[in-house]
Every structure is written in structure tokens, then in C-alpha cells.
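A.B. asks: Sharing data10.cif (mmCIF, C-alpha atoms, pLDDT in the B column; chains and numbers go by the auth columns) below.
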```cif
data_my_file
loop_
_atom_site.group_PDB
_atom_site.id
_atom_site.type_symbol
_atom_site.label_atom_id
_atom_site.label_comp_id
_atom_site.label_asym_id
_atom_site.label_seq_id
_atom_site.Cartn_x
_atom_site.Cartn_y
_atom_site.Cartn_z
_atom_site.B_iso_or_equiv
_atom_site.auth_seq_id
_atom_site.auth_asym_id
ATOM 1 C CA MET A 1 -45.017 12.529 154.583 52.00 134 G
ATOM 2 C CA PRO A 2 -42.959 12.618 151.343 55.00 135 G
ATOM 3 C CA ILE A 3 -44.765 12.137 148.042 59.00 136 G
ATOM 4 C CA GLU A 4 -43.175 9.659 145.644 62.00 137 G
ATOM 5 C CA ILE A 5 -43.515 10.621 141.978 59.00 138 G
ATOM 6 C CA PRO A 6 -43.657 7.602 139.603 62.00 139 G
ATOM 7 C CA THR A 7 -40.709 7.535 137.219 63.00 140 G
ATOM 8 C CA ASP A 8 -42.981 6.857 134.218 75.00 141 G
ATOM 9 C CA LEU A 9 -45.271 9.822 134.890 91.00 142 G
ATOM 10 C CA THR A 10 -45.755 12.338 132.088 93.00 143 G
ATOM 11 C CA PRO A 11 -44.598 15.796 133.325 94.00 144 G
ATOM 12 C CA GLU A 12 -48.116 17.182 133.014 95.00 145 G
ATOM 13 C CA LEU A 13 -49.359 14.919 135.809 96.00 146 G
ATOM 14 C CA VAL A 14 -46.722 15.822 138.396 95.00 147 G
ATOM 15 C CA PRO A 15 -48.978 18.433 140.099 96.00 148 G
ATOM 16 C CA LEU A 16 -51.641 15.690 140.486 97.00 149 G
ATOM 17 C CA SER A 17 -49.209 12.936 141.470 96.00 150 G
ATOM 18 C CA TRP A 18 -50.094 12.940 145.188 96.00 151 G
ATOM 19 C CA LEU A 19 -53.547 11.597 144.272 97.00 152 G
ATOM 20 C CA ILE A 20 -52.241 8.493 142.486 96.00 153 G
ATOM 21 C CA GLY A 21 -53.029 5.232 144.255 96.00 154 G
ATOM 22 C CA GLU A 22 -55.831 3.467 146.092 98.00 155 G
ATOM 23 C CA TRP A 23 -57.659 5.152 148.965 98.00 156 G
ATOM 24 C CA GLU A 24 -60.265 3.802 151.359 98.00 157 G
ATOM 25 C CA GLY A 25 -62.160 5.115 154.347 98.00 158 G
ATOM 26 C CA ARG A 26 -65.434 6.037 155.975 97.00 159 G
ATOM 27 C CA GLY A 27 -67.646 9.075 155.643 96.00 160 G
ATOM 28 C CA ARG A 28 -71.018 10.566 156.466 96.00 161 G
ATOM 29 C CA LEU A 29 -73.850 11.619 154.199 96.00 162 G
ATOM 30 C CA GLY A 30 -75.355 15.088 154.449 93.00 163 G
ATOM 31 C CA SER A 31 -73.900 17.479 156.994 85.00 164 G
ATOM 32 C CA GLY A 32 -72.337 14.684 159.046 77.00 165 G
ATOM 33 C CA ASP A 33 -74.441 15.336 162.137 81.00 166 G
ATOM 34 C CA GLU A 34 -75.390 12.649 164.622 79.00 167 G
ATOM 35 C CA ASP A 35 -78.204 11.085 162.566 82.00 168 G
ATOM 36 C CA SER A 36 -76.371 11.226 159.191 90.00 169 G
ATOM 37 C CA GLU A 37 -75.887 7.861 157.509 96.00 170 G
ATOM 38 C CA HIS A 38 -72.449 6.276 157.304 96.00 171 G
ATOM 39 C CA PHE A 39 -70.725 5.032 154.174 97.00 172 G
ATOM 40 C CA LEU A 40 -67.518 3.284 153.130 98.00 173 G
ATOM 41 C CA GLN A 41 -65.670 4.394 150.000 98.00 174 G
ATOM 42 C CA HIS A 42 -62.850 3.010 147.871 98.00 175 G
ATOM 43 C CA VAL A 43 -61.228 5.498 145.486 98.00 176 G
ATOM 44 C CA SER A 44 -58.552 4.927 142.852 98.00 177 G
ATOM 45 C CA PHE A 45 -56.512 7.360 140.779 98.00 178 G
ATOM 46 C CA THR A 46 -54.519 5.654 138.027 97.00 179 G
ATOM 47 C CA HIS A 47 -52.620 6.678 134.898 95.00 180 G
ATOM 48 C CA ASN A 48 -51.593 4.965 131.682 92.00 181 G
ATOM 49 C CA GLY A 49 -48.989 7.341 130.233 89.00 182 G
ATOM 50 C CA LEU A 50 -51.505 9.850 128.865 92.00 183 G
ATOM 51 C CA PRO A 51 -51.877 13.353 130.369 95.00 184 G
ATOM 52 C CA TYR A 52 -54.816 12.629 132.663 97.00 185 G
ATOM 53 C CA LEU A 53 -55.682 10.569 135.719 98.00 186 G
ATOM 54 C CA GLN A 54 -58.421 7.973 135.589 98.00 187 G
ATOM 55 C CA TYR A 55 -60.729 8.197 138.619 98.00 188 G
ATOM 56 C CA ARG A 56 -63.106 5.654 140.122 98.00 189 G
ATOM 57 C CA ALA A 57 -64.981 5.834 143.424 98.00 190 G
ATOM 58 C CA GLU A 58 -67.175 3.012 144.725 98.00 191 G
ATOM 59 C CA SER A 59 -69.282 3.503 147.854 98.00 192 G
ATOM 60 C CA TRP A 60 -71.386 1.353 150.199 98.00 193 G
ATOM 61 C CA LEU A 61 -73.844 2.263 152.945 98.00 194 G
ATOM 62 C CA THR A 62 -72.685 0.920 156.312 97.00 195 G
ATOM 63 C CA ASP A 63 -73.859 0.693 159.871 96.00 196 G
ATOM 64 C CA ASP A 64 -72.263 2.707 162.676 93.00 197 G
ATOM 65 C CA GLU A 65 -69.490 0.120 163.011 93.00 198 G
ATOM 66 C CA GLY A 66 -68.561 0.199 159.336 94.00 199 G
ATOM 67 C CA THR A 67 -70.195 -3.093 158.286 96.00 200 G
ATOM 68 C CA ARG A 68 -71.358 -2.917 154.671 97.00 201 G
ATOM 69 C CA LEU A 69 -75.125 -2.952 154.287 97.00 202 G
ATOM 70 C CA ARG A 70 -75.564 -2.463 150.539 98.00 203 G
ATOM 71 C CA PRO A 71 -73.960 -0.767 147.515 98.00 204 G
ATOM 72 C CA LEU A 72 -74.464 2.981 147.352 97.00 205 G
ATOM 73 C CA THR A 73 -73.042 4.129 143.991 97.00 206 G
ATOM 74 C CA VAL A 74 -70.075 4.204 141.631 98.00 207 G
ATOM 75 C CA GLU A 75 -68.648 7.229 139.839 98.00 208 G
ATOM 76 C CA THR A 76 -65.872 7.392 137.275 98.00 209 G
ATOM 77 C CA GLY A 77 -64.041 10.122 135.412 98.00 210 G
ATOM 78 C CA PHE A 78 -60.899 11.921 134.300 98.00 211 G
ATOM 79 C CA TRP A 79 -58.720 14.569 135.975 98.00 212 G
ATOM 80 C CA ALA A 80 -56.266 16.771 134.059 98.00 213 G
ATOM 81 C CA LEU A 81 -54.554 20.133 133.998 98.00 214 G
ATOM 82 C CA GLU A 82 -56.735 22.605 132.138 98.00 215 G
ATOM 83 C CA ARG A 83 -54.999 23.870 128.997 97.00 216 G
ATOM 84 C CA LYS A 84 -55.640 24.356 125.308 96.00 217 G
ATOM 85 C CA GLN A 85 -55.617 21.112 123.344 94.00 218 G
ATOM 86 C CA LEU A 86 -52.892 21.077 120.674 94.00 219 G
ATOM 87 C CA ASP A 87 -52.418 19.147 117.442 93.00 220 G
ATOM 88 C CA ALA A 88 -50.069 16.780 119.286 94.00 221 G
ATOM 89 C CA ASP A 89 -52.819 15.798 121.753 95.00 222 G
ATOM 90 C CA GLY A 90 -54.924 12.715 121.108 94.00 223 G
ATOM 91 C CA GLY A 91 -58.578 12.800 120.153 94.00 224 G
ATOM 92 C CA PRO A 92 -61.283 13.311 119.488 94.00 225 G
ATOM 93 C CA GLY A 93 -62.148 9.646 119.761 94.00 226 G
ATOM 94 C CA LEU A 94 -59.346 7.334 118.665 95.00 227 G
ATOM 95 C CA VAL A 95 -57.189 9.939 116.929 95.00 228 G
ATOM 96 C CA PRO A 96 -53.729 9.097 118.357 95.00 229 G
ATOM 97 C CA ALA A 97 -51.516 11.576 120.164 93.00 230 G
ATOM 98 C CA ASP A 98 -47.852 12.086 119.328 91.00 231 G
ATOM 99 C CA ILE A 99 -45.601 9.430 120.863 84.00 232 G
ATOM 100 C CA VAL A 100 -43.873 11.934 123.169 88.00 233 G
ATOM 101 C CA PRO A 101 -45.875 13.923 125.755 91.00 234 G
ATOM 102 C CA VAL A 102 -47.149 17.278 124.523 93.00 235 G
ATOM 103 C CA LEU A 103 -45.565 18.952 127.550 94.00 236 G
ATOM 104 C CA LYS A 104 -42.111 17.397 127.722 92.00 237 G
ATOM 105 C CA SER A 105 -40.472 19.145 130.687 92.00 238 G
ATOM 106 C CA ALA A 106 -41.137 20.535 134.147 92.00 239 G
ATOM 107 C CA ASP A 107 -40.485 24.035 132.785 95.00 240 G
ATOM 108 C CA GLU A 108 -43.315 23.669 130.256 95.00 241 G
ATOM 109 C CA VAL A 109 -45.643 22.533 133.035 96.00 242 G
ATOM 110 C CA GLU A 110 -44.541 25.374 135.323 96.00 243 G
ATOM 111 C CA ALA A 111 -45.552 27.851 132.601 96.00 244 G
ATOM 112 C CA LEU A 112 -49.167 26.772 133.233 97.00 245 G
ATOM 113 C CA ARG A 113 -49.223 28.078 136.802 97.00 246 G
ATOM 114 C CA ASN A 114 -52.024 30.573 137.413 97.00 247 G
ATOM 115 C CA LYS A 115 -51.788 33.925 139.197 97.00 248 G
ATOM 116 C CA ASP A 116 -52.530 32.225 142.540 96.00 249 G
ATOM 117 C CA GLY A 117 -49.524 29.931 142.174 97.00 250 G
ATOM 118 C CA GLY A 118 -51.597 26.823 141.483 98.00 251 G
ATOM 119 C CA PHE A 119 -52.729 25.028 138.341 98.00 252 G
ATOM 120 C CA ASP A 120 -56.147 25.205 136.706 98.00 253 G
ATOM 121 C CA ILE A 121 -57.685 21.750 136.361 98.00 254 G
ATOM 122 C CA SER A 122 -60.717 20.161 134.738 98.00 255 G
ATOM 123 C CA VAL A 123 -62.527 17.100 136.029 98.00 256 G
ATOM 124 C CA SER A 124 -65.330 15.126 134.386 98.00 257 G
ATOM 125 C CA ILE A 125 -67.299 12.638 136.483 98.00 258 G
ATOM 126 C CA ALA A 126 -70.066 10.314 135.284 98.00 259 G
ATOM 127 C CA HIS A 127 -72.729 8.860 137.563 97.00 260 G
ATOM 128 C CA PRO A 128 -75.429 6.189 137.209 96.00 261 G
ATOM 129 C CA GLY A 129 -78.818 7.630 136.361 95.00 262 G
ATOM 130 C CA GLY A 130 -77.694 9.687 133.362 96.00 263 G
ATOM 131 C CA ILE A 131 -75.760 12.453 135.154 96.00 264 G
ATOM 132 C CA THR A 132 -72.314 13.771 134.180 98.00 265 G
ATOM 133 C CA GLU A 133 -70.532 16.678 135.866 98.00 266 G
ATOM 134 C CA LEU A 134 -67.883 18.937 134.336 98.00 267 G
ATOM 135 C CA TYR A 135 -65.841 20.703 136.999 98.00 268 G
ATOM 136 C CA TYR A 136 -63.252 23.456 136.718 98.00 269 G
ATOM 137 C CA GLY A 137 -61.044 24.430 139.598 98.00 270 G
ATOM 138 C CA GLN A 138 -57.550 24.654 140.980 98.00 271 G
ATOM 139 C CA ILE A 139 -54.928 22.381 142.454 98.00 272 G
ATOM 140 C CA LYS A 140 -52.401 24.148 144.657 98.00 273 G
ATOM 141 C CA GLY A 141 -50.013 21.798 146.381 96.00 274 G
ATOM 142 C CA PRO A 142 -52.066 19.179 148.254 96.00 275 G
ATOM 143 C CA GLN A 143 -55.353 21.108 147.987 98.00 276 G
ATOM 144 C CA ILE A 144 -58.054 21.006 145.307 98.00 277 G
ATOM 145 C CA GLN A 145 -61.177 23.130 144.871 98.00 278 G
ATOM 146 C CA LEU A 146 -63.720 22.299 142.151 98.00 279 G
ATOM 147 C CA THR A 147 -66.965 23.920 140.971 98.00 280 G
ATOM 148 C CA THR A 148 -69.277 22.574 138.291 97.00 281 G
ATOM 149 C CA ASP A 149 -69.326 24.460 135.013 97.00 282 G
ATOM 150 C CA MET A 150 -72.030 22.164 133.684 96.00 283 G
ATOM 151 C CA VAL A 151 -74.194 19.251 134.830 96.00 284 G
ATOM 152 C CA MET A 152 -75.549 17.130 131.987 96.00 285 G
ATOM 153 C CA ARG A 153 -78.721 15.198 132.811 95.00 286 G
ATOM 154 C CA GLY A 154 -80.618 12.583 130.861 94.00 287 G
ATOM 155 C CA SER A 155 -84.300 13.006 130.089 94.00 288 G
ATOM 156 C CA HIS A 156 -85.307 10.887 133.108 94.00 289 G
ATOM 157 C CA SER A 157 -82.543 11.899 135.526 94.00 290 G
ATOM 158 C CA LYS A 158 -83.242 13.288 138.969 92.00 291 G
ATOM 159 C CA ASP A 159 -82.988 17.052 139.442 92.00 292 G
ATOM 160 C CA TYR A 160 -79.391 18.153 140.013 92.00 293 G
ATOM 161 C CA SER A 161 -78.024 21.534 138.962 92.00 294 G
ATOM 162 C CA ALA A 162 -74.609 22.291 140.509 95.00 295 G
ATOM 163 C CA ALA A 163 -71.916 21.080 142.884 96.00 296 G
ATOM 164 C CA THR A 164 -68.622 21.925 144.538 97.00 297 G
ATOM 165 C CA ARG A 165 -65.950 19.546 145.798 98.00 298 G
ATOM 166 C CA ILE A 166 -62.854 20.140 147.889 98.00 299 G
ATOM 167 C CA PHE A 167 -59.985 17.714 148.513 98.00 300 G
ATOM 168 C CA GLY A 168 -56.977 17.966 150.779 98.00 301 G
ATOM 169 C CA LEU A 169 -54.033 15.842 151.836 97.00 302 G
ATOM 170 C CA VAL A 170 -53.636 15.963 155.629 96.00 303 G
ATOM 171 C CA ASP A 171 -50.967 13.831 157.346 95.00 304 G
ATOM 172 C CA GLY A 172 -50.981 11.487 154.368 95.00 305 G
ATOM 173 C CA ASN A 173 -54.780 11.053 154.389 97.00 306 G
ATOM 174 C CA LEU A 174 -57.229 12.266 151.747 98.00 307 G
ATOM 175 C CA LEU A 175 -60.116 14.375 153.053 98.00 308 G
ATOM 176 C CA TRP A 176 -62.948 15.542 150.815 98.00 309 G
ATOM 177 C CA ARG A 177 -66.316 17.299 150.936 98.00 310 G
ATOM 178 C CA TRP A 178 -69.059 17.451 148.299 97.00 311 G
ATOM 179 C CA ASP A 179 -71.876 20.037 148.279 97.00 312 G
ATOM 180 C CA VAL A 180 -74.727 19.899 145.747 96.00 313 G
ATOM 181 C CA ALA A 181 -77.741 21.874 144.536 94.00 314 G
ATOM 182 C CA THR A 182 -80.722 19.807 143.463 85.00 315 G
ATOM 183 C CA GLY A 183 -82.910 22.451 141.900 68.00 316 G
ATOM 184 C CA GLY A 184 -83.609 26.084 141.141 56.00 317 G
ATOM 185 C CA ASP A 185 -80.758 28.513 140.535 52.00 318 G
ATOM 186 C CA ALA A 186 -77.494 26.601 140.007 51.00 319 G
ATOM 187 C CA GLY A 187 -75.605 29.361 141.803 51.00 320 G
ATOM 188 C CA LYS A 188 -77.676 29.063 144.981 61.00 321 G
ATOM 189 C CA GLY A 189 -78.890 26.390 147.293 83.00 322 G
ATOM 190 C CA LEU A 190 -75.728 24.317 147.689 93.00 323 G
ATOM 191 C CA GLU A 191 -76.125 21.953 150.610 93.00 324 G
ATOM 192 C CA ALA A 192 -73.779 19.491 152.287 95.00 325 G
ATOM 193 C CA HIS A 193 -74.017 16.172 150.455 95.00 326 G
ATOM 194 C CA ALA A 194 -71.188 14.016 151.807 97.00 327 G
ATOM 195 C CA SER A 195 -67.704 14.056 153.295 97.00 328 G
ATOM 196 C CA SER A 196 -65.100 11.413 153.966 97.00 329 G
ATOM 197 C CA PHE A 197 -61.656 10.647 155.420 97.00 330 G
ATOM 198 C CA LEU A 198 -59.640 8.214 153.307 98.00 331 G
ATOM 199 C CA HIS A 199 -56.307 6.543 154.000 98.00 332 G
ATOM 200 C CA ARG A 200 -53.943 5.231 151.347 97.00 333 G
ATOM 201 C CA VAL A 201 -54.148 1.455 150.890 96.00 334 G
ATOM 202 C CA SER A 202 -51.671 1.149 147.977 89.00 335 G
#
```
Represent the supplied structure as C-alpha cells.

C.D. replies:
Amino acid sequence: MPIEIPTDLTPELVPLSWLIGEWEGRGRLGSGDEDSEHFLQHVSFTHNGLPYLQYRAESWLTDDEGTRLRPLTVETGFWALERKQLDADGGPGLVPADIVPVLKSADEVEALRNKDGGFDISVSIAHPGGITELYYGQIKGPQIQLTTDMVMRGSHSKDYSAATRIFGLVDGNLLWRWDVATGGDAGKGLEAHASSFLHRVS
């Protein structure tokens, strides 16, 4: 299935362009075995001309047939190629960026490729309950692998120390898996948390 790249997309987002749009589908909590609970998820990746994607995922618990039972959670964040921030970049806060993109051509973006032929990326995701994840990883074609570098927790947040996520585009559908560690050594104890199969809805 061909991927259409928006004509107004800053060059820096071209490697992430296959994510852009609205996705929806069903998944299973935990390891996905027979007694795992079902959920429905709606995910959006949008852009506004700046060198990052805005991410939002809203989920609901469902019955076996997919009927919504109650809200599950919402998470939101930002996805971008990982590179050094330059004077021409915006921020911190409301400090404006230069009018033109910092990386102005495909050649400048290509120079960011890593030794594996992909691009290093960073992803920040905020959750209810005072938890924010900072992931680093790689996007290589229609595949993404992410590992938390840091999990920030509020003083009353539940225990949560590390996570990995993988995403892949298969026959035009978005598949993902999320493993988490909820205590002890952040490098150990990752367990299956959720997985889903999403189809593009716009």
C-alpha cells in the first residue's frame, strides 16, 4: 500500500509520515491470552508545520464483541527525530523558531541516518496519574522500536519503572505492543502490558 506524504510536511517528518492520520482498532490487555480483557483504541498522529508529530491515544474497555463498557485511559505526547537542538529551533517555552524549517531538504534529513540505516527518534508520552515517559529508539521504514530512558512519576503515582513499545505497518494496518516493568530494577521484569491491531480511519 503506497504511503502518501503531505505536501506541507516539513522534511524532518518524512520518515514518520506513514504514522500521520487517525487509527482505530481492538486489542487485548496483558499477554493477550484467552482470559485477557479486550479494549478499543483510537489513535491520532497530527502535525502543525513544526518538526514533531502530536500523538493522542484514547482507549475504552470493551466486551468480547467490541461494545464499549467504560473509558480506560488517554495518553498524549510528541514524536520527533532525535537530533541536537539548534538556535533556529523553537523553545524553550514560547521562544519562536525560525520561519523556515531547521532541516530544509531531504539531503539534510538523510544525513541523520544511523549506522543501522534508520533514524534515531525520541518520544514523550504523558499519562493520567502523574506519569510521563521519555522513550528513545529507532524508526526504520515502517517499523519502530522504543525503550524508556526515563519514567517520571508524581509523589502519589503508582509504581512504574520502565517500558518498551514496538510499532509496525503491516498491509496498511498499525500493529503495536507495549511491555512494562512496575517495580524493582528498571532493566528487568518487563511484562506484556497490551497489544493492538489498528486500521486507518482517515

A.B. asks: Considering all atoms listed in the file, can you say which of G:Leu308, G:Gly262, G:Gly274, G:Ala244 comes closest to Gly287 in chain G?

C.D. replies: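 Using all atoms listed in the file, the shortest distance to Gly287 in chain G belongs to G:Gly262.
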
A.B. asks: State, in Å with one decimal place, the distance from CA of Leu173 in chain G to CA of Ile258 in chain G.

C.D. replies: 19.1 Å

A.B. asks: Could you write out as a ChimeraX atom specification the residues that the PyMOL selection byres ((chain G and resi 211-225) around 7) matches in the shown file?

C.D. replies: /G:184-188,210,226-231,235,252-258

A.B. asks: Could you pull the residues within 6 Å of His260 in chain G, counting all atoms listed in the file, minus those fewer than 2 positions along the same chain, as a list of chain:residue names?

C.D. replies: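 Once the nearby chain positions are removed, what remains is G:Glu208, G:Ile264, G:Thr265.
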
A.B. asks: For Gly263 in chain G, which of G:Leu152, G:Val284, G:Ile277, G:Leu331 is the closest residue, counting all atoms listed in the file?

C.D. replies: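 With all atoms listed in the file as the atom set, the closest residue is G:Val284.
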
A.B. asks: Write out as a tab-separated table (two decimals) with C-alpha atoms, keeping the file's coordinate frame the residues lying within 10 Å of range 140-147 of chain G, counting only C-alpha atoms and excluding same-chain residues fewer than 3 positions away.

C.D. replies:
```tsv
chain	number	residue	atom	x	y	z
G	137	GLU	CA	-43.18	9.66	145.64
G	150	SER	CA	-49.21	12.94	141.47
G	151	TRP	CA	-50.09	12.94	145.19
G	152	LEU	CA	-53.55	11.60	144.27
G	153	ILE	CA	-52.24	8.49	142.49
G	180	HIS	CA	-52.62	6.68	134.90
G	181	ASN	CA	-51.59	4.96	131.68
G	182	GLY	CA	-48.99	7.34	130.23
G	183	LEU	CA	-51.50	9.85	128.86
G	184	PRO	CA	-51.88	13.35	130.37
G	185	TYR	CA	-54.82	12.63	132.66
G	186	LEU	CA	-55.68	10.57	135.72
G	212	TRP	CA	-58.72	14.57	135.98
G	213	ALA	CA	-56.27	16.77	134.06
G	214	LEU	CA	-54.55	20.13	134.00
G	233	VAL	CA	-43.87	11.93	123.17
G	234	PRO	CA	-45.88	13.92	125.76
G	235	VAL	CA	-47.15	17.28	124.52
G	236	LEU	CA	-45.56	18.95	127.55
G	237	LYS	CA	-42.11	17.40	127.72
G	238	SER	CA	-40.47	19.14	130.69
G	239	ALA	CA	-41.14	20.54	134.15
G	240	ASP	CA	-40.48	24.04	132.78
G	241	GLU	CA	-43.32	23.67	130.26
G	242	VAL	CA	-45.64	22.53	133.04
G	243	GLU	CA	-44.54	25.37	135.32
G	245	LEU	CA	-49.17	26.77	133.23
```

A.B. asks: Just how far from CA of Lys273 in chain G is CA of His175 in chain G, in Å to one decimal?

C.D. replies: 23.8 Å

A.B. asks: Selection in question (the file shown): the PyMOL selection byres ((chain G and resi 302) around 12). Which residues does it include, as a PDB file with C-alpha atoms, in the coordinates of the input?

C.D. replies:
```
ATOM      1  CA  MET G 134     -45.017  12.529 154.583  1.00 52.00           C
ATOM      2  CA  PRO G 135     -42.959  12.618 151.343  1.00 55.00           C
ATOM      3  CA  ILE G 136     -44.765  12.137 148.042  1.00 59.00           C
ATOM      4  CA  LEU G 149     -51.641  15.690 140.486  1.00 97.00           C
ATOM      5  CA  SER G 150     -49.209  12.936 141.470  1.00 96.00           C
ATOM      6  CA  TRP G 151     -50.094  12.940 145.188  1.00 96.00           C
ATOM      7  CA  LEU G 152     -53.547  11.597 144.272  1.00 97.00           C
ATOM      8  CA  TRP G 156     -57.659   5.152 148.965  1.00 98.00           C
ATOM      9  CA  ILE G 272     -54.928  22.381 142.454  1.00 98.00           C
ATOM     10  CA  LYS G 273     -52.401  24.148 144.657  1.00 98.00           C
ATOM     11  CA  GLY G 274     -50.013  21.798 146.381  1.00 96.00           C
ATOM     12  CA  PRO G 275     -52.066  19.179 148.254  1.00 96.00           C
ATOM     13  CA  GLN G 276     -55.353  21.108 147.987  1.00 98.00           C
ATOM     14  CA  ILE G 277     -58.054  21.006 145.307  1.00 98.00           C
ATOM     15  CA  ILE G 299     -62.854  20.140 147.889  1.00 98.00           C
ATOM     16  CA  PHE G 300     -59.985  17.714 148.513  1.00 98.00           C
ATOM     17  CA  GLY G 301     -56.977  17.966 150.779  1.00 98.00           C
ATOM     18  CA  VAL G 303     -53.636  15.963 155.629  1.00 96.00           C
ATOM     19  CA  ASP G 304     -50.967  13.831 157.346  1.00 95.00           C
ATOM     20  CA  GLY G 305     -50.981  11.487 154.368  1.00 95.00           C
ATOM     21  CA  ASN G 306     -54.780  11.053 154.389  1.00 97.00           C
ATOM     22  CA  LEU G 307     -57.229  12.266 151.747  1.00 98.00           C
ATOM     23  CA  LEU G 308     -60.116  14.375 153.053  1.00 98.00           C
ATOM     24  CA  TRP G 309     -62.948  15.542 150.815  1.00 98.00           C
ATOM     25  CA  PHE G 330     -61.656  10.647 155.420  1.00 97.00           C
ATOM     26  CA  LEU G 331     -59.640   8.214 153.307  1.00 98.00           C
ATOM     27  CA  HIS G 332     -56.307   6.543 154.000  1.00 98.00           C
ATOM     28  CA  ARG G 333     -53.943   5.231 151.347  1.00 97.00           C
TER      29      ARG G 333
END
```

A.B. asks: Can range 182-200 of chain G be brought up to N, CA, C and O atoms and written out as a short mmCIF file (atom, residue, chain, number, x, y, z; two decimals), keeping the file's coordinate frame?

C.D. replies:
```
data_model
loop_
_atom_site.label_atom_id
_atom_site.label_comp_id
_atom_site.auth_asym_id
_atom_site.auth_seq_id
_atom_site.Cartn_x
_atom_site.Cartn_y
_atom_site.Cartn_z
N GLY G 182 -49.96 6.68 131.10
CA GLY G 182 -48.99 7.34 130.23
C GLY G 182 -49.55 8.53 129.49
O GLY G 182 -48.80 9.30 128.89
N LEU G 183 -50.87 8.70 129.51
CA LEU G 183 -51.50 9.85 128.86
C LEU G 183 -51.67 10.98 129.89
O LEU G 183 -51.58 10.75 131.10
N PRO G 184 -51.92 12.21 129.46
CA PRO G 184 -51.88 13.35 130.37
C PRO G 184 -53.15 13.57 131.18
O PRO G 184 -53.68 14.68 131.27
N TYR G 185 -53.67 12.51 131.77
CA TYR G 185 -54.82 12.63 132.66
C TYR G 185 -54.80 11.47 133.65
O TYR G 185 -54.18 10.43 133.40
N LEU G 186 -55.47 11.65 134.77
CA LEU G 186 -55.68 10.57 135.72
C LEU G 186 -57.06 9.97 135.50
O LEU G 186 -58.02 10.69 135.21
N GLN G 187 -57.14 8.65 135.62
CA GLN G 187 -58.42 7.97 135.59
C GLN G 187 -58.90 7.82 137.04
O GLN G 187 -58.14 7.40 137.91
N TYR G 188 -60.16 8.16 137.27
CA TYR G 188 -60.73 8.20 138.62
C TYR G 188 -61.90 7.23 138.72
O TYR G 188 -62.72 7.12 137.81
N ARG G 189 -61.96 6.52 139.85
CA ARG G 189 -63.11 5.65 140.12
C ARG G 189 -63.35 5.67 141.63
O ARG G 189 -62.41 5.54 142.41
N ALA G 190 -64.61 5.85 142.01
CA ALA G 190 -64.98 5.83 143.42
C ALA G 190 -66.20 4.94 143.59
O ALA G 190 -67.23 5.16 142.95
N GLU G 191 -66.07 3.93 144.44
CA GLU G 191 -67.18 3.01 144.72
C GLU G 191 -67.53 3.14 146.20
O GLU G 191 -66.65 3.16 147.06
N SER G 192 -68.84 3.24 146.49
CA SER G 192 -69.28 3.50 147.85
C SER G 192 -70.37 2.53 148.28
O SER G 192 -71.15 2.06 147.45
N TRP G 193 -70.40 2.24 149.60
CA TRP G 193 -71.39 1.35 150.20
C TRP G 193 -71.96 2.00 151.45
O TRP G 193 -71.23 2.59 152.26
N LEU G 194 -73.25 1.88 151.66
CA LEU G 194 -73.84 2.26 152.94
C LEU G 194 -73.38 1.28 154.00
O LEU G 194 -73.25 0.07 153.74
N THR G 195 -73.12 1.78 155.22
CA THR G 195 -72.68 0.92 156.31
C THR G 195 -73.48 1.23 157.57
O THR G 195 -74.17 2.26 157.65
N ASP G 196 -73.31 0.37 158.55
CA ASP G 196 -73.86 0.69 159.87
C ASP G 196 -72.84 1.54 160.63
O ASP G 196 -71.79 1.91 160.10
N ASP G 197 -73.14 1.84 161.89
CA ASP G 197 -72.26 2.71 162.68
C ASP G 197 -70.87 2.11 162.87
O ASP G 197 -69.90 2.84 163.09
N GLU G 198 -70.77 0.79 162.79
CA GLU G 198 -69.49 0.12 163.01
C GLU G 198 -68.68 -0.06 161.73
O GLU G 198 -67.57 -0.57 161.76
N GLY G 199 -69.27 0.32 160.60
CA GLY G 199 -68.56 0.20 159.34
C GLY G 199 -68.87 -1.06 158.56
O GLY G 199 -68.26 -1.32 157.51
N THR G 200 -69.81 -1.88 159.02
CA THR G 200 -70.19 -3.09 158.29
C THR G 200 -71.02 -2.71 157.06
O THR G 200 -71.99 -1.95 157.17
#
```
